[in-house]
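Below is work.cif, which holds mmCIF, C-alpha atoms.
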data_query
#
loop_
_atom_site.label_atom_id
_atom_site.label_comp_id
_atom_site.auth_asym_id
_atom_site.auth_seq_id
_atom_site.Cartn_x
_atom_site.Cartn_y
_atom_site.Cartn_z
CA PHE A 245 114.49 167.08 190.81
CA PRO A 246 111.47 164.80 191.13
CA SER A 247 112.38 161.15 191.45
CA HIS A 248 110.75 160.23 188.14
CA ASP A 249 112.83 162.90 186.35
CA MET A 250 116.00 161.53 187.91
CA ALA A 251 115.07 158.00 186.88
CA ALA A 252 114.38 159.12 183.31
CA ALA A 253 117.69 161.00 183.11
CA TYR A 254 119.58 158.02 184.56
CA LEU A 255 118.06 155.63 182.02
CA SER A 256 118.77 158.02 179.15
CA LEU A 257 122.37 158.40 180.30
CA ARG A 258 122.92 154.64 180.43
CA LEU A 259 121.33 154.10 177.01
CA MET A 260 123.38 156.91 175.49
CA LEU A 261 126.67 155.52 176.79
CA GLU A 262 125.71 152.04 175.61
CA ALA A 263 125.10 153.47 172.15
CA TRP A 264 128.42 155.32 172.22
CA SER A 265 130.19 152.03 172.94
CA THR A 266 129.15 150.75 169.50
CA SER A 267 131.33 153.41 167.82
CA ASN A 268 135.08 152.81 167.80
CA LEU A 269 135.63 156.55 167.44
CA LEU A 270 134.11 157.09 170.88
CA ILE A 271 136.31 154.47 172.60
CA PRO A 272 139.43 156.24 173.89
CA ALA A 273 141.86 153.31 173.98
CA THR A 274 142.53 149.70 173.05
CA THR A 275 142.67 147.19 175.90
CA THR A 276 145.45 144.58 175.89
CA THR A 277 144.84 141.49 178.03
CA LEU A 278 146.76 138.24 178.51
CA PHE A 279 144.83 135.00 179.02
CA PRO A 280 146.21 131.50 179.68
CA LEU A 281 146.00 128.68 177.14
CA THR A 282 145.64 125.17 178.54
CA PRO A 283 147.44 122.40 176.60
CA GLY A 284 144.88 120.20 174.88
CA LYS A 285 141.99 122.67 175.28
CA LYS A 286 140.44 124.12 172.13
CA ASP A 287 137.33 126.03 173.24
CA TYR A 288 137.03 128.96 175.65
CA THR A 289 134.46 131.53 176.68
CA LEU A 290 135.24 135.22 177.09
CA GLY A 291 133.10 137.52 179.20
CA PRO A 292 131.94 138.39 182.72
CA THR A 293 131.35 134.73 183.64
CA GLY A 294 133.56 133.04 181.05
CA ASP A 295 136.79 131.05 181.21
CA TRP A 296 138.55 134.35 180.51
CA VAL A 297 136.90 136.96 182.71
CA ILE A 298 136.68 140.40 181.14
CA GLU A 299 133.94 142.66 179.88
CA ARG A 300 132.77 141.19 176.57
CA PRO A 301 134.65 143.11 173.87
CA MET A 302 132.88 145.23 171.29
CA GLU A 303 135.56 144.13 168.82
CA LEU A 304 138.73 142.05 168.70
CA GLN A 305 141.42 143.89 166.80
CA TYR A 306 144.49 141.66 167.10
CA ALA A 307 145.49 138.38 168.71
CA PHE A 308 148.91 136.96 169.54
CA VAL A 309 150.06 133.70 171.10
CA ARG A 310 152.70 134.39 173.74
CA PHE A 311 155.48 132.09 174.89
CA PRO A 312 157.82 132.75 177.83
CA SER A 313 161.53 133.06 177.18
CA GLY A 314 164.68 134.00 179.01
CA ASN A 315 165.40 137.44 180.45
CA ASN A 316 161.68 138.07 180.98
CA GLN A 317 161.25 138.78 177.28
CA PRO A 318 158.19 136.82 176.08
CA ILE A 319 157.81 136.06 172.39
CA ASP A 320 154.54 136.94 170.64
CA TYR A 321 153.43 135.29 167.39
CA PRO A 322 150.50 136.83 165.51
CA MET A 323 147.29 134.83 165.12
CA GLN A 324 144.72 135.21 162.39
CA ILE A 325 141.29 136.17 163.73
CA ALA A 326 139.07 133.97 161.58
CA ASN A 327 135.48 134.73 160.64
CA ASP A 328 132.70 132.13 160.48
CA LYS A 329 133.42 131.09 156.90
CA GLN A 330 137.16 130.78 157.42
CA TYR A 331 136.87 128.69 160.57
CA ALA A 332 134.13 126.52 159.10
CA SER A 333 136.45 125.70 156.19
CA VAL A 334 138.98 124.04 158.53
CA PRO A 335 138.32 120.34 157.86
CA VAL A 336 139.79 118.87 161.07
CA LYS A 337 139.59 121.24 164.00
CA ASN A 338 141.28 118.97 166.57
CA VAL A 339 144.70 119.05 164.93
CA THR A 340 147.41 119.80 167.51
CA SER A 341 150.53 121.93 167.38
CA ASN A 342 152.93 123.70 169.71
CA ILE A 343 152.03 127.04 168.15
CA PRO A 344 148.38 127.85 167.37
CA THR A 345 147.91 130.22 164.44
CA ILE A 346 144.16 130.88 164.31
CA LEU A 347 141.67 132.32 166.79
CA TYR A 348 137.97 132.06 165.96
CA TYR A 349 135.77 134.60 167.74
CA ASN A 350 131.99 134.14 167.95
CA ALA A 351 130.38 137.19 169.57
CA THR A 352 127.71 135.39 171.57
CA PHE A 353 126.22 137.15 174.61
CA PRO A 354 126.87 137.57 177.51
CA ASN A 355 130.02 135.46 177.00
CA ALA A 356 131.70 135.25 173.62
CA GLU A 357 132.99 131.93 172.29
CA ILE A 358 136.59 131.39 171.22
CA ALA A 359 138.18 128.44 169.46
CA ILE A 360 141.94 127.99 169.09
CA TYR A 361 143.48 126.23 166.08
CA PRO A 362 145.57 124.14 166.03
CA VAL A 363 144.89 122.92 169.55
CA PRO A 364 147.95 123.92 171.62
CA THR A 365 150.13 121.23 173.13
CA ALA A 366 152.40 123.56 175.10
CA SER A 367 151.68 126.01 177.90
CA SER A 368 151.28 129.49 176.49
CA GLY A 369 148.98 132.47 176.56
CA VAL A 370 146.86 134.57 174.23
CA VAL A 371 147.20 138.34 174.10
CA LEU A 372 144.01 140.02 172.90
CA TRP A 373 143.85 143.62 171.72
CA SER A 374 140.20 144.54 172.10
CA THR A 375 137.80 147.45 172.07
CA GLN A 376 135.99 147.53 175.40
CA PRO A 377 132.65 149.30 176.02
CA LEU A 378 132.70 152.60 177.85
CA GLU A 379 132.30 152.35 181.59
CA ASN A 380 128.66 152.95 182.50
CA PHE A 381 126.86 154.10 185.61
CA ASP A 382 125.44 151.45 187.95
CA ASN A 383 123.66 154.00 190.15
CA LEU A 384 123.08 157.74 190.49
CA ASP A 385 125.80 158.14 193.12
CA GLN A 386 128.58 156.48 191.16
CA VAL A 387 131.55 158.61 190.11
CA ILE A 388 133.33 157.70 186.88
CA GLU A 389 136.41 159.45 185.55
CA PHE A 390 136.38 159.85 181.78
CA PRO A 391 139.21 161.23 179.60
CA ARG A 392 139.28 164.96 179.05
CA GLY A 393 136.48 166.25 176.87
CA TYR A 394 134.04 163.43 177.67
CA THR A 395 132.25 165.15 180.57
CA ARG A 396 131.27 168.13 178.42
CA ALA A 397 130.13 165.86 175.61
CA ILE A 398 128.10 163.67 177.99
CA ILE A 399 126.32 166.61 179.63
CA TYR A 400 125.32 168.40 176.45
CA ASN A 401 124.41 165.27 174.49
CA LEU A 402 122.31 164.10 177.43
CA CYS A 403 120.41 167.37 177.08
CA LEU A 404 119.59 166.37 173.49
CA GLU A 405 118.44 162.94 174.67
CA LEU A 406 116.17 164.39 177.34
CA ALA A 407 114.62 167.29 175.42
CA PRO A 408 112.03 165.21 173.47
CA GLN A 409 110.81 163.64 176.70
CA TYR A 410 109.66 167.09 177.81
CA ASN A 411 108.40 168.17 174.39
CA LYS A 412 111.20 170.70 174.13
CA ASP A 413 113.51 171.72 171.33
CA PRO A 414 117.07 172.19 172.58
CA ALA A 415 118.59 175.62 172.07
CA GLU A 416 120.92 176.03 169.11
CA GLY A 417 123.84 176.71 171.43
CA ILE A 418 123.32 173.41 173.25
CA VAL A 419 123.08 171.52 169.96
CA LEU A 420 126.25 173.18 168.71
CA ILE A 421 128.24 172.35 171.85
CA ALA A 422 126.90 168.78 171.89
CA ASN A 423 127.88 168.18 168.26
CA ASN A 424 131.26 169.89 168.50
CA SER A 425 132.27 168.15 171.73
CA LEU A 426 131.38 164.76 170.27
CA ALA A 427 133.23 165.56 167.04
CA ASN A 428 136.32 166.55 169.04
CA ILE A 429 136.33 163.19 170.82
CA LYS A 430 136.02 161.30 167.53
CA ARG A 431 138.82 163.36 166.02
CA ARG A 432 141.05 162.67 169.01
CA ASN A 433 140.30 158.93 168.95
CA THR A 434 140.90 158.51 165.22
CA THR A 435 143.72 156.02 164.64
CA ILE A 436 145.51 155.66 161.31
CA ARG A 437 146.16 151.97 160.71
CA TYR A 438 148.72 151.23 158.04
CA LEU A 439 148.84 147.43 158.18
CA ARG A 440 146.96 144.70 159.95
CA ALA A 441 149.02 142.50 162.27
CA GLU A 442 148.44 139.45 160.06
CA SER A 443 150.23 141.11 157.15
CA MET A 444 152.89 142.83 159.24
CA TYR A 445 154.34 139.52 160.39
CA THR A 446 153.70 137.30 157.39
CA GLN A 447 157.36 136.42 156.98
CA GLN A 448 157.81 135.69 160.69
CA ARG A 449 154.74 133.57 161.31
CA PRO A 450 155.63 129.99 162.18
CA THR A 451 154.21 127.29 159.96
CA GLY A 452 151.35 125.19 161.29
CA ASN A 453 148.86 122.63 160.17
CA GLY A 454 145.94 123.55 157.96
CA ILE A 455 146.19 127.34 158.18
CA VAL A 456 143.15 129.02 156.67
CA THR A 457 144.12 131.28 153.78
CA GLY A 458 142.24 134.02 152.03
CA LYS A 459 139.71 136.53 153.34
#

I'd like the structure from this file rewritten - as structure tokens, please.
Amino acid sequence: FPSHDMAAAYLSLRLMLEAWSTSNLLIPATTTTLFPLTPGKKDYTLGPTGDWVIERPMELQYAFVRFPSGNNQPIDYPMQIANDKQYASVPVKNVTSNIPTILYYNATFPNAEIAIYPVPTASSGVVLWSTQPLENFDNLDQVIEFPRGYTRAIIYNLCLELAPQYNKDPAEGIVLIANNSLANIKRRNTTIRYLRAESMYTQQRPTGNGIVTGK
């Protein structure tokens, strides 16, 4: 292939996978990551160059504060992931407690901002359940292993992305395979969620100072 065709296909591939990362139904799994909490520290950054180094999440699903215990069985307490309005309604944000109950997530870029409330006074950690973007290609020679079904979907949907650049209409068979392969991935990745973590553990959540209520 001519170099300019390869460059165009590479760019289209990257843009397509970036777009796919915005759909939870195209993300095959939830990522669970443990990060340290420093006593007395309220604010953190999360991202490729943040305090907590990880790819910036597309979405935070659940958060737990984790404490060590005997027999290598850590204890997790659920945290409320507060939105802007909920966190802004906290009158005094420097209140301290052994057990933080709220995590505020501000999706700034390239590093997201996180605030912990109340400010922890004991050594602990935060477990984040997040939706991470799909792995993307950094160059034409890179090899990435996707779950089963993704390769077919990528190839045929890339055909749909490239066709307009050459003033072509893709064949009906290509369109059908592209649509069906993508639909199969979405069907496979569909997760039935019965309860959010905040409501699952309402009776077990430890009391704290100034917990934000309501949604």

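The interatomic distance for the pair CA of Pro344 in chain A and CA of Pro301 in chain A works out to 21.5 Å.
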
| Gap from CA of Asn338 in chain A to CA of Gly369 in chain A - Å, one decimal | 18.5 Å

Which residues would end up in the selection if the PyMOL selection byres ((chain A and resi 319) around 12) were applied here, given that I need the answer as an mmCIF file with C-alpha atoms, in the coordinates of the input?
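Saved the output as selection25.cif:
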data_model
loop_
_atom_site.group_PDB
_atom_site.id
_atom_site.type_symbol
_atom_site.label_atom_id
_atom_site.label_comp_id
_atom_site.auth_asym_id
_atom_site.auth_seq_id
_atom_site.Cartn_x
_atom_site.Cartn_y
_atom_site.Cartn_z
ATOM 1 C CA PHE A 308 148.910 136.960 169.540
ATOM 2 C CA VAL A 309 150.060 133.700 171.100
ATOM 3 C CA ARG A 310 152.700 134.390 173.740
ATOM 4 C CA PHE A 311 155.480 132.090 174.890
ATOM 5 C CA PRO A 312 157.820 132.750 177.830
ATOM 6 C CA SER A 313 161.530 133.060 177.180
ATOM 7 C CA GLY A 314 164.680 134.000 179.010
ATOM 8 C CA ASN A 315 165.400 137.440 180.450
ATOM 9 C CA ASN A 316 161.680 138.070 180.980
ATOM 10 C CA GLN A 317 161.250 138.780 177.280
ATOM 11 C CA PRO A 318 158.190 136.820 176.080
ATOM 12 C CA ASP A 320 154.540 136.940 170.640
ATOM 13 C CA TYR A 321 153.430 135.290 167.390
ATOM 14 C CA PRO A 322 150.500 136.830 165.510
ATOM 15 C CA ILE A 343 152.030 127.040 168.150
ATOM 16 C CA SER A 368 151.280 129.490 176.490
ATOM 17 C CA GLY A 369 148.980 132.470 176.560
ATOM 18 C CA VAL A 370 146.860 134.570 174.230
ATOM 19 C CA VAL A 371 147.200 138.340 174.100
ATOM 20 C CA GLN A 448 157.810 135.690 160.690
ATOM 21 C CA ARG A 449 154.740 133.570 161.310
#

Compile the contact shell of range 266-283 of chain A as a CSV table (one decimal) with C-alpha atoms, in the frame of the given file: residues with an atom at most 7 Å away, counting all atoms listed in the file, same-chain residues fewer than 6 positions apart removed.
chain,number,residue,atom,x,y,z
A,296,TRP,CA,138.6,134.4,180.5
A,302,MET,CA,132.9,145.2,171.3
A,364,PRO,CA,148.0,123.9,171.6
A,365,THR,CA,150.1,121.2,173.1
A,366,ALA,CA,152.4,123.6,175.1
A,367,SER,CA,151.7,126.0,177.9
A,368,SER,CA,151.3,129.5,176.5
A,369,GLY,CA,149.0,132.5,176.6
A,370,VAL,CA,146.9,134.6,174.2
A,371,VAL,CA,147.2,138.3,174.1
A,372,LEU,CA,144.0,140.0,172.9
A,373,TRP,CA,143.8,143.6,171.7
A,374,SER,CA,140.2,144.5,172.1
A,375,THR,CA,137.8,147.4,172.1
A,376,GLN,CA,136.0,147.5,175.4
A,378,LEU,CA,132.7,152.6,177.8
A,429,ILE,CA,136.3,163.2,170.8
A,430,LYS,CA,136.0,161.3,167.5
A,433,ASN,CA,140.3,158.9,169.0
A,434,THR,CA,140.9,158.5,165.2

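Evaluated against this file, the PyMOL selection byres ((chain A and resi 405-416) around 9) yields Ala252, Ala253, Ser256, Leu257, Met260, Tyr400, Asn401, Leu402, Cys403, Leu404, Gly417, Ile418, Val419, Leu420 and Ile421 of chain A.
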
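Shown here are all protein and nucleic acid residues lying within 12 Å of (124.4, 155.5, 192.0), with all atoms listed in the file considered: Met250, Ala251, Tyr254, Leu255, Arg258, Asn380, Phe381, Asp382, Asn383, Leu384, Asp385, Gln386, Val387 and Ile388 of chain A.
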
| task | Take the PyMOL selection byres ((chain A and resi 394-396) around 9), apply it to the structure above, and return the hits as JSON, numbers by chain. | result | {"A": [389, 390, 391, 392, 393, 397, 398, 399, 400, 401, 421, 422, 425, 426, 429]}

| Å distance separating CA of Ile298 in chain A from CA of Ser341 in chain A, one decimal place | 26.9 Å

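Distances from A:Trp264, A:Tyr306, A:Tyr361, A:Tyr348 to Leu290 in chain A were compared using only C-alpha atoms, and the smallest one belongs to A:Tyr348.
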
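Each of A:Asp287, A:Glu379, A:Glu303, A:Asp295 was checked against Ile360 in chain A using all atoms listed in the file; the smallest atom-to-atom distance is that of A:Asp287.
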